[in-house]
$ cat run-v8.txt   # compact mmCIF, C-alpha atoms
# COMPACT_ATOMS: atom_id res chain seq x y z
CA MET A 1 -34.08 74.95 57.75
CA MET A 2 -32.56 71.62 58.67
CA LEU A 3 -34.25 68.51 59.93
CA SER A 4 -31.99 65.87 61.42
CA ALA A 5 -32.51 62.18 60.70
CA ARG A 6 -34.00 61.74 64.17
CA GLU A 7 -36.41 64.63 63.65
CA ARG A 8 -37.54 63.12 60.36
CA GLU A 9 -38.23 59.83 62.17
CA LEU A 10 -40.16 61.65 64.89
CA LEU A 11 -42.26 63.38 62.26
CA ILE A 12 -43.13 60.20 60.37
CA GLU A 13 -44.10 58.53 63.67
CA LEU A 14 -46.19 61.49 64.74
CA TRP A 15 -48.09 61.95 61.49
CA ASP A 16 -48.68 58.21 61.10
CA ARG A 17 -50.51 58.43 64.44
CA LEU A 18 -52.53 61.40 63.27
CA THR A 19 -53.59 59.95 59.92
CA PRO A 20 -56.53 57.91 61.30
CA VAL A 21 -57.87 61.04 63.04
CA ALA A 22 -57.05 63.42 60.21
CA GLU A 23 -60.60 64.73 60.05
CA ASP A 24 -60.73 65.54 63.77
CA ILE A 25 -57.32 67.19 63.85
CA GLY A 26 -57.80 69.11 60.60
CA SER A 27 -61.28 70.41 61.32
CA GLU A 28 -60.27 71.44 64.83
CA ALA A 29 -57.20 73.30 63.60
CA LEU A 30 -59.32 75.19 61.08
CA LEU A 31 -61.95 76.01 63.69
CA ARG A 32 -59.26 77.35 66.02
CA MET A 33 -57.86 79.46 63.24
CA PHE A 34 -61.25 80.96 62.41
CA SER A 35 -61.93 81.77 66.09
CA THR A 36 -58.54 83.24 66.92
CA PHE A 37 -57.87 84.96 63.59
CA PRO A 38 -61.28 85.87 62.16
CA LYS A 39 -59.79 87.41 59.02
CA THR A 40 -58.92 83.92 57.82
CA LYS A 41 -62.61 83.26 57.33
CA THR A 42 -62.56 85.57 54.32
CA TYR A 43 -61.15 82.73 52.25
CA PHE A 44 -64.08 80.49 53.10
CA ALA A 45 -66.96 82.95 52.97
CA HIS A 46 -68.95 80.62 50.75
CA LEU A 47 -68.87 77.69 53.20
CA ASP A 48 -70.48 76.60 56.43
CA LEU A 49 -67.68 76.88 58.96
CA SER A 50 -69.47 75.81 62.13
CA ALA A 51 -67.84 73.16 64.30
CA ARG A 52 -67.62 69.81 62.55
CA SER A 53 -69.54 70.99 59.49
CA GLU A 54 -69.18 68.86 56.36
CA ALA A 55 -67.00 71.47 54.69
CA LEU A 56 -64.72 71.87 57.69
CA CYS A 57 -64.28 68.12 58.07
CA ALA A 58 -63.63 67.55 54.39
CA ILE A 59 -61.07 70.34 54.06
CA GLY A 60 -59.46 69.56 57.42
CA LYS A 61 -59.03 65.92 56.49
CA ARG A 62 -57.51 66.76 53.10
CA VAL A 63 -55.05 69.19 54.62
CA VAL A 64 -53.85 66.85 57.37
CA LEU A 65 -53.47 63.90 55.00
CA ALA A 66 -51.43 66.03 52.59
CA ILE A 67 -49.18 67.20 55.43
CA ALA A 68 -48.78 63.63 56.70
CA ASP A 69 -47.88 62.40 53.24
CA GLY A 70 -45.11 64.96 52.94
CA THR A 71 -43.24 63.63 55.98
CA ARG A 72 -42.10 60.62 53.98
CA HIS A 73 -40.33 62.76 51.39
CA ILE A 74 -38.58 65.39 53.47
CA GLY A 75 -35.28 66.44 52.00
CA THR A 76 -35.90 64.82 48.63
CA ALA A 77 -36.73 66.34 45.26
CA GLN A 78 -39.97 64.41 45.48
CA PHE A 79 -41.11 66.67 48.32
CA THR A 80 -41.34 69.66 46.01
CA SER A 81 -42.55 67.71 43.00
CA ASN A 82 -45.34 65.98 44.97
CA LEU A 83 -46.53 69.36 46.17
CA SER A 84 -46.46 70.88 42.72
CA TYR A 85 -50.23 70.62 42.17
CA LEU A 86 -51.06 72.00 45.63
CA SER A 87 -48.52 74.73 45.11
CA ARG A 88 -50.15 75.87 41.86
CA PHE A 89 -53.59 75.56 43.44
CA HIS A 90 -52.69 77.79 46.39
CA ALA A 91 -50.93 80.30 44.13
CA TYR A 92 -53.20 80.66 41.15
CA GLN A 93 -56.59 79.68 42.45
CA LEU A 94 -56.78 80.22 46.19
CA ARG A 95 -54.38 83.19 46.21
CA ILE A 96 -54.02 83.15 49.96
CA HIS A 97 -51.99 85.93 51.57
CA PRO A 98 -48.83 84.12 52.67
CA THR A 99 -49.01 85.21 56.32
CA ASN A 100 -52.06 83.00 56.73
CA PHE A 101 -50.00 79.84 56.44
CA LYS A 102 -48.27 80.75 59.69
CA LEU A 103 -51.61 81.30 61.39
CA PHE A 104 -52.88 77.89 60.33
CA ASN A 105 -49.61 76.19 61.26
CA HIS A 106 -49.81 77.69 64.75
CA CYS A 107 -53.38 76.51 65.23
CA LEU A 108 -52.38 73.06 64.04
CA LEU A 109 -49.64 73.01 66.68
CA VAL A 110 -52.14 74.06 69.36
CA THR A 111 -54.48 71.26 68.24
CA LEU A 112 -51.65 68.76 68.51
CA ALA A 113 -50.77 70.07 71.97
CA CYS A 114 -54.35 69.58 73.16
CA TYR A 115 -54.51 66.15 71.59
CA LEU A 116 -51.11 64.86 72.74
CA GLY A 117 -50.57 66.72 76.02
CA GLU A 118 -47.13 66.06 77.51
CA GLU A 119 -46.19 63.86 74.56
CA PHE A 120 -46.00 67.00 72.46
CA SER A 121 -42.49 67.52 73.79
CA PRO A 122 -40.30 70.51 72.93
CA ARG A 123 -38.37 68.33 70.44
CA VAL A 124 -41.48 67.17 68.64
CA HIS A 125 -42.87 70.73 68.76
CA ALA A 126 -39.67 72.12 67.22
CA ALA A 127 -39.49 69.45 64.50
CA THR A 128 -43.15 69.91 63.59
CA ASP A 129 -42.86 73.69 63.51
CA LYS A 130 -39.84 73.49 61.21
CA TYR A 131 -41.54 70.96 58.97
CA LEU A 132 -44.73 73.02 58.66
CA SER A 133 -42.68 76.12 57.79
CA ALA A 134 -40.89 74.24 55.05
CA TYR A 135 -44.16 72.84 53.79
CA SER A 136 -45.80 76.29 53.66
CA ALA A 137 -42.76 77.70 51.90
CA VAL A 138 -43.22 75.19 49.09
CA LEU A 139 -46.94 75.96 48.93
CA ALA A 140 -46.22 79.68 48.66
CA GLU A 141 -43.33 79.25 46.22
CA LYS A 142 -45.26 80.03 43.07
CA PHE A 143 -46.99 83.09 44.48
CA ARG A 144 -44.74 85.41 42.54
CA MET B 1 -58.92 100.99 75.19
CA VAL B 2 -59.25 97.26 74.88
CA GLU B 3 -62.79 95.95 75.22
CA TRP B 4 -63.12 92.65 77.02
CA THR B 5 -66.26 90.56 76.93
CA ASP B 6 -67.38 88.86 80.13
CA PHE B 7 -66.40 85.55 78.60
CA GLU B 8 -62.89 86.80 77.85
CA ARG B 9 -62.36 88.21 81.33
CA ALA B 10 -63.61 85.06 82.99
CA THR B 11 -61.53 82.87 80.68
CA ILE B 12 -58.29 84.72 81.42
CA GLN B 13 -58.84 84.69 85.18
CA ASN B 14 -59.82 81.05 85.04
CA ILE B 15 -56.81 79.91 83.02
CA PHE B 16 -54.24 81.76 85.09
CA SER B 17 -55.78 80.54 88.34
CA LYS B 18 -55.09 76.99 87.16
CA LEU B 19 -51.45 77.54 86.20
CA ASP B 20 -48.40 76.67 88.24
CA TYR B 21 -46.37 79.72 87.23
CA GLU B 22 -43.04 78.06 87.93
CA SER B 23 -43.61 75.01 85.78
CA VAL B 24 -45.55 76.71 82.98
CA GLY B 25 -43.06 79.58 82.81
CA HIS B 26 -40.16 77.13 82.66
CA ASN B 27 -41.83 75.09 79.97
CA ALA B 28 -42.85 78.06 77.82
CA LEU B 29 -39.52 79.88 77.92
CA GLY B 30 -37.65 76.62 77.38
CA ARG B 31 -39.75 75.76 74.37
CA CYS B 32 -39.20 79.22 72.92
CA LEU B 33 -35.43 78.75 73.16
CA VAL B 34 -35.69 75.26 71.60
CA VAL B 35 -38.17 75.97 68.82
CA TYR B 36 -36.83 79.45 67.92
CA PRO B 37 -33.11 79.19 68.64
CA TRP B 38 -32.36 82.79 67.66
CA THR B 39 -34.11 83.86 70.87
CA GLN B 40 -31.12 82.44 72.74
CA ARG B 41 -29.28 85.61 71.81
CA TYR B 42 -30.85 87.33 74.82
CA PHE B 43 -29.66 84.70 77.27
CA GLY B 44 -25.92 84.62 76.69
CA LYS B 45 -25.27 84.42 80.44
CA PHE B 46 -27.48 81.40 80.98
CA GLY B 47 -24.77 78.81 80.40
CA ASN B 48 -25.55 75.58 78.61
CA LEU B 49 -28.26 76.03 75.95
CA TYR B 50 -26.66 73.55 73.61
CA ASN B 51 -29.61 71.26 72.91
CA ALA B 52 -33.23 70.68 73.92
CA ALA B 53 -32.33 68.58 76.97
CA ALA B 54 -29.80 71.15 78.20
CA ILE B 55 -32.25 74.01 77.72
CA MET B 56 -35.18 72.31 79.42
CA GLY B 57 -32.91 71.22 82.29
CA ASN B 58 -31.26 74.62 82.74
CA PRO B 59 -32.12 76.11 86.15
CA MET B 60 -31.62 79.70 84.96
CA VAL B 61 -34.17 79.12 82.20
CA ALA B 62 -36.58 77.73 84.77
CA ALA B 63 -36.08 80.69 87.10
CA HIS B 64 -36.48 83.23 84.35
CA GLY B 65 -39.57 81.49 83.00
CA ALA B 66 -41.18 81.99 86.40
CA VAL B 67 -40.22 85.69 86.33
CA VAL B 68 -41.97 86.06 82.98
CA LEU B 69 -45.16 84.38 84.20
CA HIS B 70 -45.25 86.48 87.35
CA GLY B 71 -44.85 89.49 85.07
CA LEU B 72 -47.86 88.33 83.06
CA ASP B 73 -49.81 88.07 86.28
CA ARG B 74 -49.71 91.85 86.55
CA ALA B 75 -51.64 92.11 83.31
CA VAL B 76 -54.10 89.47 84.50
CA LYS B 77 -54.81 91.62 87.54
CA ASN B 78 -55.04 94.87 85.53
CA MET B 79 -56.79 93.87 82.35
CA ASP B 80 -58.31 97.30 81.89
CA ASP B 81 -55.01 99.11 81.82
CA ILE B 82 -52.35 96.80 80.54
CA LYS B 83 -50.67 99.65 78.63
CA ALA B 84 -49.92 101.63 81.77
CA THR B 85 -49.11 98.52 83.80
CA TYR B 86 -46.36 97.61 81.34
CA ALA B 87 -44.94 101.04 80.54
CA GLU B 88 -41.80 100.47 82.59
CA LEU B 89 -41.35 96.89 81.38
CA SER B 90 -41.63 98.15 77.85
CA VAL B 91 -38.84 100.64 78.39
CA LEU B 92 -36.77 97.88 80.00
CA HIS B 93 -37.19 95.51 77.04
CA SER B 94 -36.42 98.25 74.57
CA GLU B 95 -33.71 100.38 76.15
CA LYS B 96 -31.92 97.91 78.34
CA LEU B 97 -32.56 94.40 77.01
CA HIS B 98 -32.80 95.39 73.33
CA VAL B 99 -35.25 92.62 72.54
CA ASP B 100 -36.71 92.53 69.02
CA PRO B 101 -40.45 92.83 69.75
CA ASP B 102 -41.29 90.28 67.05
CA ASN B 103 -40.01 87.73 69.54
CA PHE B 104 -42.80 88.52 72.01
CA ARG B 105 -45.22 86.79 69.69
CA LEU B 106 -43.03 83.69 69.59
CA LEU B 107 -43.00 83.40 73.38
CA ALA B 108 -46.75 84.00 73.40
CA ASP B 109 -47.21 81.18 70.88
CA CYS B 110 -45.12 78.81 72.98
CA LEU B 111 -47.07 79.75 76.10
CA THR B 112 -50.32 79.06 74.24
CA ILE B 113 -49.06 75.62 73.30
CA VAL B 114 -47.96 74.81 76.85
CA VAL B 115 -51.35 75.87 78.23
CA ALA B 116 -53.10 73.87 75.48
CA ALA B 117 -51.12 70.75 76.38
CA LYS B 118 -52.04 71.23 80.02
CA LEU B 119 -55.76 71.93 79.56
CA GLY B 120 -56.41 69.51 76.70
CA ALA B 121 -59.96 69.48 75.39
CA SER B 122 -61.08 72.27 77.72
CA PHE B 123 -58.80 74.63 75.77
CA THR B 124 -61.52 75.09 73.16
CA ALA B 125 -61.30 77.32 70.10
CA ASP B 126 -63.11 80.15 71.92
CA VAL B 127 -60.88 79.84 74.97
CA GLN B 128 -57.84 79.89 72.70
CA ALA B 129 -59.11 83.02 70.95
CA ALA B 130 -59.56 84.83 74.28
CA PHE B 131 -56.14 83.72 75.53
CA GLN B 132 -54.39 84.82 72.35
CA LYS B 133 -56.20 88.15 72.37
CA PHE B 134 -54.91 88.71 75.90
CA LEU B 135 -51.33 87.84 74.89
CA ALA B 136 -51.58 90.08 71.82
CA VAL B 137 -52.58 93.00 74.05
CA VAL B 138 -49.65 92.24 76.33
CA ALA B 139 -47.22 92.11 73.40
CA SER B 140 -48.59 95.35 72.03
CA ALA B 141 -48.15 97.06 75.41
CA LEU B 142 -44.57 95.80 75.58
CA ARG B 143 -43.82 97.24 72.14
CA ARG B 144 -45.19 100.68 72.92
CA GLN B 145 -42.03 102.24 74.26
CA TYR B 146 -39.84 101.22 71.34
CA HIS B 147 -38.63 104.30 69.49
$ encode --input "run-v8.txt" --output "structure tokens"
Amino acid sequence: MMLSARERELLIELWDRLTPVAEDIGSEALLRMFSTFPKTKTYFAHLDLSARSEALCAIGKRVVLAIADGTRHIGTAQFTSNLSYLSRFHAYQLRIHPTNFKLFNHCLLVTLACYLGEEFSPRVHAATDKYLSAYSAVLAEKFR
Amino acid sequence: MVEWTDFERATIQNIFSKLDYESVGHNALGRCLVVYPWTQRYFGKFGNLYNAAAIMGNPMVAAHGAVVLHGLDRAVKNMDDIKATYAELSVLHSEKLHVDPDNFRLLADCLTIVVAAKLGASFTADVQAAFQKFLAVVASALRRQYH
């Protein structure tokens, strides 16, 4: 997967814009995922997953901020090393079936499309999709 | 037999009644070719697909996008028997076009994103779930005749 210099710029711009609304974007993406792919709820059975619940907002915010942070380190060794804790967490504690990353990524893209409308151009869509795939790959790296 | 709730039926009819098939089809197919470049393998005769601008500006992509959306319309009008409605199309995609059915999901995802961008906040989580269920049924019907 290759991200050009321009795509990296586009990503930093995009996620800088999303950082102040991280909670809204993150909680909405999660909600969409739980509605469209109900099996994903199995990982959160112990939490209140209703719209804009405390848990949803807290997790959503954390996820979006982590994703935003990564855009500044794409293509560097720091990208993988910064994600090392999250990677271990997802592998050894959460033990999420890897296909679920794609489901979340898709719902995040849908959320961005709703939020940005026409501004979510094919180029930005492609760059974001590639970035999220790379990000998930690092998160799933330690799974086995 | 797929069971549709009243909400799901109404949602699908409602969404498709709001879509300009030409523009949405163009946008969705174009995005698919941009975001998932391997899908370009099925469009060798479409000329210039060199970059995002070329793809989105390509008139053959636009025309074919409309064909796809009009094809989807048949499922919208026959929600209770999508399998039978698409039997021939399934054979076409398998025997003649040789399309890897995993790619149907990619086009469905791009279409979802285009519709989301168009409808904004009214494309709620429940609406999205209904829309994606519909597209999953369509994709499944299209895969049926692959042997």
$ residues_around --input "run-v8.txt" --residues "Gly47 in chain B" --least-positions-apart "3" --cutoff "10 Å" --atoms "only C-alpha atoms" --output "JSON, numbers by chain"
{"B": [43, 44, 50, 54, 55, 58, 59, 60, 61]}
$ closest_residue --input "run-v8.txt" --among "B:Gln145, B:Gln40, B:Thr85, B:Gln128" --to "Pro101 in chain B" --atoms "all atoms listed in the file"
B:Gln145
$ closest_residue --input "run-v8.txt" --among "B:Trp4, B:Lys118, B:Ser94, B:Leu89" --to "Asp20 in chain B" --atoms "only C-alpha atoms"
B:Lys118
$ interface_residues --input "run-v8.txt" --of "chain A" --to "chain B" --cutoff "8 Å" --atoms "only C-alpha atoms" --output "list in words"
Glu28, Leu31, Arg32, Met33, Ser35, Thr36, Phe37, His106, Leu109, Val110, Thr111, Ala113, Cys114, Tyr115, Leu116, Gly117, Glu118, Phe120, Pro122, Arg123, His125, Ala126, Ala127 and Asp129 of chain A
$ atom_distance --input "run-v8.txt" --atom1 "CA of Asp69 in chain A" --atom2 "CA of Pro20 in chain A"
12.6 Å
$ atom_distance --input "run-v8.txt" --atom1 "CA of Val91 in chain B" --atom2 "CA of Ile15 in chain B"
27.8 Å
$ residues_near_point --input "run-v8.txt" --point "(-38.8, 63.9, 65.0)" --cutoff "10 Å" --atoms "all atoms listed in the file" --output "ChimeraX atom specification"
/A:3-14,123-128,131
$ atom_distance --input "run-v8.txt" --atom1 "CA of Val24 in chain B" --atom2 "CA of Asn103 in chain B"
18.2 Å
$ closest_residue --input "run-v8.txt" --among "A:Ile74, A:Leu132, A:Glu141, A:Thr42" --to "Cys107 in chain A" --atoms "only C-alpha atoms"
A:Leu132
$ axis_aligned_box --input "run-v8.txt" --around "range 12-29 of chain B" --padding-each-side "4 Å" --output "lines of an AutoDock Vina configuration file"
center_x = -49.7
center_y = 79.9
center_z = 83.1
size_x = 28.3
size_y = 17.7
size_z = 18.5
$ residues_around --input "run-v8.txt" --residues "Ala91 in chain A" --least-positions-apart "3" --cutoff "10 Å" --atoms "all atoms listed in the file" --output "list in words"
Tyr85, Leu86, Ser87, Arg88, Leu94, Arg95, Ile96, His97, Pro98, Leu139, Ala140, Glu141, Lys142, Phe143 and Arg144 of chain A
$ residues_around --input "run-v8.txt" --residues "range 63-70 of chain B" --least-positions-apart "4" --cutoff "6 Å" --atoms "all atoms listed in the file" --output "list in words"
Tyr21, Glu22, Gly25, His26 and Leu29 of chain B
$ closest_residue --input "run-v8.txt" --among "A:Ala55, A:Ala134, A:Leu103, A:Ala66" --to "Thr40 in chain A" --atoms "only C-alpha atoms"
A:Leu103
$ residues_around --input "run-v8.txt" --residues "Met1 in chain B" --least-positions-apart "6" --cutoff "12 Å" --atoms "only C-alpha atoms" --output "ChimeraX atom specification"
/B:79-84,137,141
$ decode --input "run-v8.txt" --residues "range 67-86 of chain B" --atoms "N, CA and C atoms" --output "PDB file, in the first residue's frame"
ATOM      1  N   VAL B  67     -26.007   2.228 -16.054  1.00  0.00           N
ATOM      2  CA  VAL B  67     -26.496   0.863 -16.348  1.00  0.00           C
ATOM      3  C   VAL B  67     -26.618   0.067 -15.046  1.00  0.00           C
ATOM      4  N   VAL B  68     -25.591   0.164 -14.216  1.00  0.00           N
ATOM      5  CA  VAL B  68     -25.585  -0.574 -12.952  1.00  0.00           C
ATOM      6  C   VAL B  68     -26.757  -0.132 -12.061  1.00  0.00           C
ATOM      7  N   LEU B  69     -26.946   1.176 -11.943  1.00  0.00           N
ATOM      8  CA  LEU B  69     -28.030   1.660 -11.089  1.00  0.00           C
ATOM      9  C   LEU B  69     -29.403   1.248 -11.607  1.00  0.00           C
ATOM     10  N   HIS B  70     -29.554   1.305 -12.932  1.00  0.00           N
ATOM     11  CA  HIS B  70     -30.840   0.863 -13.492  1.00  0.00           C
ATOM     12  C   HIS B  70     -31.036  -0.632 -13.251  1.00  0.00           C
ATOM     13  N   GLY B  71     -29.923  -1.361 -13.233  1.00  0.00           N
ATOM     14  CA  GLY B  71     -29.994  -2.790 -12.901  1.00  0.00           C
ATOM     15  C   GLY B  71     -30.462  -2.987 -11.470  1.00  0.00           C
ATOM     16  N   LEU B  72     -29.967  -2.138 -10.570  1.00  0.00           N
ATOM     17  CA  LEU B  72     -30.349  -2.225  -9.156  1.00  0.00           C
ATOM     18  C   LEU B  72     -31.826  -1.928  -8.992  1.00  0.00           C
ATOM     19  N   ASP B  73     -32.323  -1.075  -9.854  1.00  0.00           N
ATOM     20  CA  ASP B  73     -33.728  -0.672  -9.782  1.00  0.00           C
ATOM     21  C   ASP B  73     -34.640  -1.887  -9.882  1.00  0.00           C
ATOM     22  N   ARG B  74     -34.208  -2.878 -10.642  1.00  0.00           N
ATOM     23  CA  ARG B  74     -35.022  -4.091 -10.791  1.00  0.00           C
ATOM     24  C   ARG B  74     -35.193  -4.794  -9.443  1.00  0.00           C
ATOM     25  N   ALA B  75     -34.160  -4.767  -8.650  1.00  0.00           N
ATOM     26  CA  ALA B  75     -34.265  -5.372  -7.317  1.00  0.00           C
ATOM     27  C   ALA B  75     -35.159  -4.531  -6.418  1.00  0.00           C
ATOM     28  N   VAL B  76     -35.061  -3.211  -6.563  1.00  0.00           N
ATOM     29  CA  VAL B  76     -35.897  -2.307  -5.767  1.00  0.00           C
ATOM     30  C   VAL B  76     -37.368  -2.602  -6.034  1.00  0.00           C
ATOM     31  N   LYS B  77     -37.682  -2.908  -7.307  1.00  0.00           N
ATOM     32  CA  LYS B  77     -39.074  -3.146  -7.669  1.00  0.00           C
ATOM     33  C   LYS B  77     -39.518  -4.591  -7.416  1.00  0.00           C
ATOM     34  N   ASN B  78     -38.581  -5.462  -7.055  1.00  0.00           N
ATOM     35  CA  ASN B  78     -38.915  -6.876  -6.829  1.00  0.00           C
ATOM     36  C   ASN B  78     -38.268  -7.386  -5.574  1.00  0.00           C
ATOM     37  N   MET B  79     -38.427  -6.651  -4.485  1.00  0.00           N
ATOM     38  CA  MET B  79     -37.681  -6.976  -3.275  1.00  0.00           C
ATOM     39  C   MET B  79     -37.991  -8.366  -2.731  1.00  0.00           C
ATOM     40  N   ASP B  80     -39.146  -8.914  -3.088  1.00  0.00           N
ATOM     41  CA  ASP B  80     -39.475 -10.225  -2.548  1.00  0.00           C
ATOM     42  C   ASP B  80     -38.963 -11.375  -3.385  1.00  0.00           C
ATOM     43  N   ASP B  81     -38.348 -11.071  -4.518  1.00  0.00           N
ATOM     44  CA  ASP B  81     -37.756 -12.168  -5.267  1.00  0.00           C
ATOM     45  C   ASP B  81     -36.534 -11.723  -6.042  1.00  0.00           C
ATOM     46  N   ILE B  82     -35.587 -11.209  -5.295  1.00  0.00           N
ATOM     47  CA  ILE B  82     -34.374 -10.684  -5.917  1.00  0.00           C
ATOM     48  C   ILE B  82     -33.581 -11.814  -6.554  1.00  0.00           C
ATOM     49  N   LYS B  83     -33.609 -12.992  -5.917  1.00  0.00           N
ATOM     50  CA  LYS B  83     -32.857 -14.142  -6.455  1.00  0.00           C
ATOM     51  C   LYS B  83     -33.262 -14.438  -7.892  1.00  0.00           C
ATOM     52  N   ALA B  84     -34.556 -14.562  -8.113  1.00  0.00           N
ATOM     53  CA  ALA B  84     -35.048 -14.898  -9.456  1.00  0.00           C
ATOM     54  C   ALA B  84     -34.820 -13.734 -10.410  1.00  0.00           C
ATOM     55  N   THR B  85     -35.054 -12.519  -9.920  1.00  0.00           N
ATOM     56  CA  THR B  85     -34.877 -11.330 -10.759  1.00  0.00           C
ATOM     57  C   THR B  85     -33.471 -11.267 -11.329  1.00  0.00           C
ATOM     58  N   TYR B  86     -32.481 -11.703 -10.549  1.00  0.00           N
ATOM     59  CA  TYR B  86     -31.089 -11.573 -10.976  1.00  0.00           C
ATOM     60  C   TYR B  86     -30.468 -12.849 -11.511  1.00  0.00           C
TER      61      TYR B  86
END
